[in-house]
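Enquirer: If it helps, the file is called run_0.txt and holds compact mmCIF, C-alpha atoms:
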# COMPACT_ATOMS: atom_id res chain seq x y z
CA MET N 68 -103.38 -35.28 1.54
CA TYR N 69 -101.70 -34.46 4.85
CA VAL N 70 -102.60 -31.25 6.66
CA VAL N 71 -101.43 -29.90 10.02
CA THR N 72 -102.99 -27.17 12.12
CA LYS N 73 -101.96 -24.78 14.80
CA ASP N 74 -105.52 -24.18 15.95
CA ASN N 75 -106.10 -27.64 17.41
CA ASN N 76 -102.64 -29.30 17.24
CA THR N 77 -103.69 -32.01 14.80
CA LEU N 78 -102.46 -33.92 11.75
CA TYR N 79 -105.30 -34.64 9.32
CA LEU N 80 -105.34 -37.28 6.58
CA VAL N 81 -107.73 -36.20 3.83
CA ASP N 82 -109.12 -38.33 1.00
CA LEU N 83 -108.76 -36.16 -2.10
CA LYS N 84 -111.53 -37.97 -4.01
CA THR N 85 -114.20 -37.60 -1.35
CA LYS N 86 -112.69 -34.45 0.21
CA LYS N 87 -113.34 -35.93 3.62
CA ILE N 88 -111.09 -36.29 6.65
CA ILE N 89 -110.30 -39.98 7.04
CA GLN N 90 -108.08 -39.83 10.14
CA GLU N 91 -106.89 -37.38 12.78
CA PHE N 92 -103.76 -37.59 14.93
CA PRO N 93 -103.25 -35.31 17.94
CA LEU N 94 -99.87 -33.59 18.20
CA GLY N 95 -98.07 -32.21 21.26
CA GLY N 96 -98.37 -28.58 20.22
CA GLU N 97 -99.20 -26.19 17.42
CA ALA N 98 -98.02 -27.63 14.10
CA TYR N 99 -96.73 -25.40 11.33
CA ALA N 100 -95.83 -27.43 8.24
CA CYS N 101 -95.50 -30.97 6.96
CA LEU N 102 -93.38 -32.45 4.18
CA LEU N 103 -93.31 -35.93 2.61
CA SER N 104 -90.09 -37.88 2.17
CA PRO N 105 -89.10 -38.67 -1.45
CA ASP N 106 -90.35 -42.26 -1.07
CA GLN N 107 -93.55 -40.99 0.63
CA LYS N 108 -93.06 -43.40 3.54
CA GLU N 109 -92.44 -40.64 6.08
CA LEU N 110 -94.02 -37.28 6.79
CA TYR N 111 -91.99 -34.66 8.66
CA ILE N 112 -93.99 -32.24 10.81
CA SER N 113 -92.64 -29.05 12.34
CA CYS N 114 -94.23 -28.53 15.74
CA TRP N 115 -94.13 -24.79 16.35
CA GLY N 116 -95.55 -25.18 19.83
CA CYS N 117 -93.28 -27.96 21.07
CA ASP N 118 -89.89 -27.20 19.43
CA LYS N 119 -89.50 -30.51 17.67
CA VAL N 120 -89.97 -32.30 14.38
CA TYR N 121 -92.24 -35.32 14.37
CA VAL N 122 -91.56 -38.22 12.00
CA PHE N 123 -94.85 -39.85 10.96
CA ASP N 124 -94.85 -43.29 9.31
CA THR N 125 -97.38 -43.00 6.47
CA GLN N 126 -97.84 -46.77 6.17
CA LYS N 127 -98.21 -47.66 9.86
CA LYS N 128 -99.90 -44.31 10.51
CA ASN N 129 -98.07 -43.44 13.70
CA ILE N 130 -95.37 -41.12 14.96
CA THR N 131 -92.07 -42.99 15.04
CA ALA N 132 -89.69 -40.25 16.20
CA GLU N 133 -89.54 -36.83 17.82
CA ILE N 134 -86.42 -34.78 17.04
CA PRO N 135 -85.77 -31.72 19.24
CA VAL N 136 -84.91 -28.56 17.26
CA GLY N 137 -84.79 -24.81 17.94
CA ASP N 138 -87.52 -22.46 19.13
CA ASN N 139 -90.66 -22.17 16.97
CA PRO N 140 -89.75 -24.50 14.07
CA ASN N 141 -91.69 -23.71 10.93
CA GLU N 142 -90.55 -24.13 7.30
CA LEU N 143 -89.06 -27.47 6.26
CA CYS N 144 -86.75 -28.16 3.33
CA LEU N 145 -85.56 -31.65 2.39
CA SER N 146 -82.60 -32.70 0.26
CA LYS N 147 -83.56 -34.60 -2.91
CA ASN N 148 -82.17 -37.87 -1.53
CA GLY N 149 -84.16 -37.41 1.68
CA LYS N 150 -81.09 -37.63 3.92
CA TYR N 151 -81.03 -34.05 5.27
CA LEU N 152 -83.93 -32.01 6.59
CA TYR N 153 -83.46 -28.28 7.16
CA VAL N 154 -85.75 -26.70 9.75
CA ALA N 155 -86.17 -22.92 10.14
CA ASN N 156 -86.48 -21.90 13.80
CA ALA N 157 -88.26 -18.53 13.84
CA ASN N 158 -87.53 -17.55 17.41
CA ASP N 159 -83.80 -18.22 17.64
CA ASN N 160 -82.19 -17.00 14.39
CA ALA N 161 -81.33 -20.54 13.39
CA VAL N 162 -81.78 -23.49 11.07
CA SER N 163 -81.46 -27.01 12.45
CA VAL N 164 -79.90 -29.53 10.06
CA ILE N 165 -81.22 -33.03 10.71
CA ASN N 166 -79.58 -36.23 9.50
CA ILE N 167 -82.76 -38.20 8.80
CA PRO N 168 -81.30 -41.75 8.98
CA GLU N 169 -79.68 -40.92 12.36
CA ARG N 170 -82.72 -38.98 13.59
CA LYS N 171 -80.61 -36.19 15.07
CA VAL N 172 -79.56 -32.58 14.56
CA ILE N 173 -76.02 -32.57 13.21
CA GLU N 174 -75.61 -28.81 12.96
CA VAL N 175 -77.33 -25.52 13.80
CA LEU N 176 -76.83 -22.68 11.32
CA ASN N 177 -76.84 -19.17 12.81
CA ALA N 178 -78.78 -16.99 10.35
CA ALA N 179 -78.47 -13.74 12.35
CA LEU N 180 -76.66 -10.63 11.14
CA TYR N 181 -73.81 -11.22 13.61
CA PRO N 182 -72.76 -14.20 15.76
CA ASP N 183 -74.11 -13.18 19.19
CA ALA N 184 -77.22 -11.34 17.98
CA PRO N 185 -80.28 -11.67 20.22
CA GLY N 186 -83.32 -13.46 18.84
CA GLY N 187 -85.27 -11.41 16.33
CA SER N 188 -84.26 -12.41 12.80
CA THR N 189 -87.50 -14.43 12.44
CA THR N 190 -85.98 -17.19 10.36
CA ASN N 191 -88.94 -18.57 8.45
CA GLY N 192 -88.27 -19.60 4.85
CA LEU N 193 -85.85 -22.09 3.27
CA ALA N 194 -84.72 -23.16 -0.18
CA LEU N 195 -81.86 -25.21 -1.55
CA SER N 196 -80.10 -24.31 -4.80
CA SER N 197 -80.62 -26.74 -7.69
CA ASP N 198 -77.26 -28.40 -6.98
CA GLU N 199 -78.09 -28.47 -3.24
CA LYS N 200 -74.80 -26.81 -2.31
CA THR N 201 -76.38 -23.54 -1.18
CA LEU N 202 -79.14 -22.93 1.37
CA TYR N 203 -81.11 -19.67 1.29
CA ILE N 204 -82.78 -18.62 4.54
CA ALA N 205 -85.48 -15.91 4.67
CA ASN N 206 -85.02 -13.67 7.72
CA ALA N 207 -88.27 -11.72 7.94
CA ASP N 208 -87.25 -9.17 10.55
CA ASN N 209 -83.86 -8.50 8.94
CA ASN N 210 -85.25 -8.06 5.40
CA CYS N 211 -82.63 -10.36 3.96
CA LEU N 212 -81.69 -13.86 2.91
CA THR N 213 -78.86 -15.52 4.78
CA VAL N 214 -76.79 -17.72 2.46
CA PHE N 215 -74.93 -20.87 3.55
CA ASP N 216 -72.67 -23.27 1.71
CA VAL N 217 -74.12 -26.64 2.77
CA SER N 218 -71.97 -28.79 0.49
CA TYR N 219 -70.70 -30.72 3.51
CA PRO N 220 -73.52 -31.17 6.06
CA GLY N 221 -72.13 -30.74 9.53
CA GLN N 222 -69.48 -28.34 8.20
CA SER N 223 -71.59 -25.61 6.59
CA LYS N 224 -70.15 -22.14 6.08
CA SER N 225 -71.85 -18.76 5.97
CA LYS N 226 -71.56 -16.96 2.64
CA GLY N 227 -73.25 -13.72 3.73
CA PHE N 228 -76.55 -11.99 3.06
CA ILE N 229 -78.74 -10.85 0.18
CA PRO N 230 -80.88 -7.79 0.93
CA VAL N 231 -84.53 -8.20 -0.15
CA GLY N 232 -87.81 -6.37 0.29
CA TRP N 233 -89.73 -5.91 3.51
CA TYR N 234 -90.43 -8.98 5.68
CA PRO N 235 -89.50 -11.96 3.45
CA THR N 236 -91.47 -15.03 4.49
CA ASN N 237 -90.79 -17.48 1.68
CA VAL N 238 -87.94 -18.27 -0.69
CA LYS N 239 -87.82 -20.69 -3.62
CA VAL N 240 -85.15 -21.50 -6.19
CA ILE N 241 -86.14 -22.36 -9.75
CA GLY N 242 -83.19 -23.04 -12.00
CA LYS N 243 -80.72 -20.24 -11.32
CA LYS N 244 -83.33 -17.74 -10.09
CA ILE N 245 -84.24 -17.01 -6.48
CA PHE N 246 -87.83 -15.98 -5.79
CA VAL N 247 -88.64 -14.23 -2.50
CA SER N 248 -92.06 -13.26 -1.23
Could you show the structure in this file as C-alpha cells?
Expert:
Amino acid sequence: MYVVTKDNNTLYLVDLKTKKIIQEFPLGGEAYACLLSPDQKELYISCWGCDKVYVFDTQKKNITAEIPVGDNPNELCLSKNGKYLYVANANDNAVSVINIPERKVIEVLNAALYPDAPGGSTTNGLALSSDEKTLYIANADNNCLTVFDVSYPGQSKSKGFIPVGWYPTNVKVIGKKIFVS
C-alpha cells in the first residue's frame, strides 16, 4: 500500500500482510494524495506544499518526474487508459490536465464562477463520467460542481455548474449517478 502524508512530507510503502512500513521516501513538501497508474508501474503524488505532481516508479522505487501544476494540488483523477491525469488545485480555482506520456500540463481548466474570479473556489474533488467525456469538479467554497466537456483533452469546454449542498469536498460518478459529499 502507498500512503502519503502532509505532517512529515513522506511517501510510505506499507506491507499489507505484516502491516509494517517497509520503505519511506521524503518529498519536497506536504503531500495530499496518491494514485496508481492502471498498470501499477507508476504512482502519481499531489504535493500540496510544493505545487507539483511527483511521478514515482513503483518498480525502481524512485521519483522519475516532477510536473509543475497549480497552487495547492490535491485530488487526482486518472483516465482509464492512464494517459490523462486531472489535478485539482485548491488555491487557484483550477484543474491541471496532464498528458502523462509527455509529462506536461496541456491545459488548465478554470473552475471559478466567472473567468477573472479571484482565488476562493477551493477546487478539491474530481470525477470523470463513465464515458470519460465529462469532468465534474467540486468547488467547496462555491457550493457547486463545475462541469467540463473533456472529450478532446487540450480543447475542453465549460458546460456550467450544478448547485450542491454546503462545502462539497468529494465527487464520484457511479453509472449515471453523481455522488457528492
Enquirer: Neighbours of region 225-234 of chain N within 12 Å (all atoms listed in the file; same-chain residues fewer than 3 positions away dropped), as a ChimeraX atom specification?
Expert: /N:175-182,188-192,200-218,222,237-238,245-248
Enquirer: If I take CA of Val136 (chain N) and CA of Tyr219 (chain N), how far is one from the other in Å, to one decimal?
Expert: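 Computing the Euclidean distance for CA of Val136 (chain N) and CA of Tyr219 (chain N) yields 19.9 Å.
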Enquirer: Skip region 127-129 of chain N itself and residues of its chain fewer than 6 positions away, then list as a list in words all residues within 12 Å of it, counting all atoms listed in the file.
Expert: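 Surrounding residues, per the criterion: Tyr69, Leu78, Tyr79, Leu80, Ile89, Gln90, Glu91, Phe92, Pro93, Leu94, Lys108, Glu109, Leu110, Tyr111 and Tyr121 of chain N.
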Enquirer: Find the distance between CA of Lys244 (chain N) and CA of Ala155 (chain N) and write it in Å to one decimal.
Expert: 21.1 Å
Enquirer: CA of Gly116 (chain N) and CA of Thr72 (chain N) are how many Å apart?
Expert: 10.9 Å
Enquirer: Between N:Lys171, N:Lys86, N:Val81, N:Glu97, single out the one closest to Val122 (chain N), counting all atoms listed in the file.
Expert: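 Answer, going by the shortest atom-to-atom distance: N:Lys171.
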Enquirer: Of the candidates N:Thr236, N:Thr131, N:Thr77, N:Asn166, which shows the shortest atom-to-atom distance to Gly149 (chain N), using all atoms listed in the file?
Expert: N:Asn166
Enquirer: From the list N:Ile134, N:Pro105, N:Lys119, N:Asp183, which residue is nearest Asn148 (chain N) when using all atoms listed in the file?
Expert: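 Selected residue with least distance to Asn148 (chain N): N:Pro105.
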Enquirer: Counting all atoms listed in the file, which residues of region 126-146 of chain N fall within 10 Å of region 160-164 of chain N, and what is the closest atom pair for each with its distance in Å at one decimal, ordered by chain and rising number, as a Markdown table?
Expert:
| residue | atom | partner | partner_atom | distance |
| --- | --- | --- | --- | --- |
| N:Pro135 | CA | N:Ser163 | CA | 9.3 |
| N:Val136 | CA | N:Ser163 | CA | 6.1 |
| N:Gly137 | CA | N:Ser163 | CA | 6.8 |
| N:Asp138 | CA | N:Ala161 | CA | 8.7 |
| N:Pro140 | CA | N:Val162 | CA | 8.6 |
| N:Asn141 | CA | N:Val162 | CA | 9.9 |
| N:Glu142 | CA | N:Val162 | CA | 9.6 |
| N:Leu143 | CA | N:Val162 | CA | 9.6 |
| N:Cys144 | CA | N:Val164 | CA | 9.7 |
| N:Leu145 | CA | N:Val164 | CA | 9.8 |
Enquirer: I need the residue nearest Ser223 (chain N) from this list: N:Glu199, N:Glu174, N:Lys84, N:Gly242. Use only C-alpha atoms for the distance.
Expert: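 Counting only C-alpha atoms, the residue closest to Ser223 (chain N) is N:Glu174.
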Enquirer: Go through N:Asp198, N:Asp124, N:Asp118, N:Glu133 one by one, measure the shortest atom-to-atom distance of each to Asp159 (chain N) using all atoms listed in the file, and give the residue with the smallest value.
Expert: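 Nearest to Asp159 (chain N): N:Asp118.
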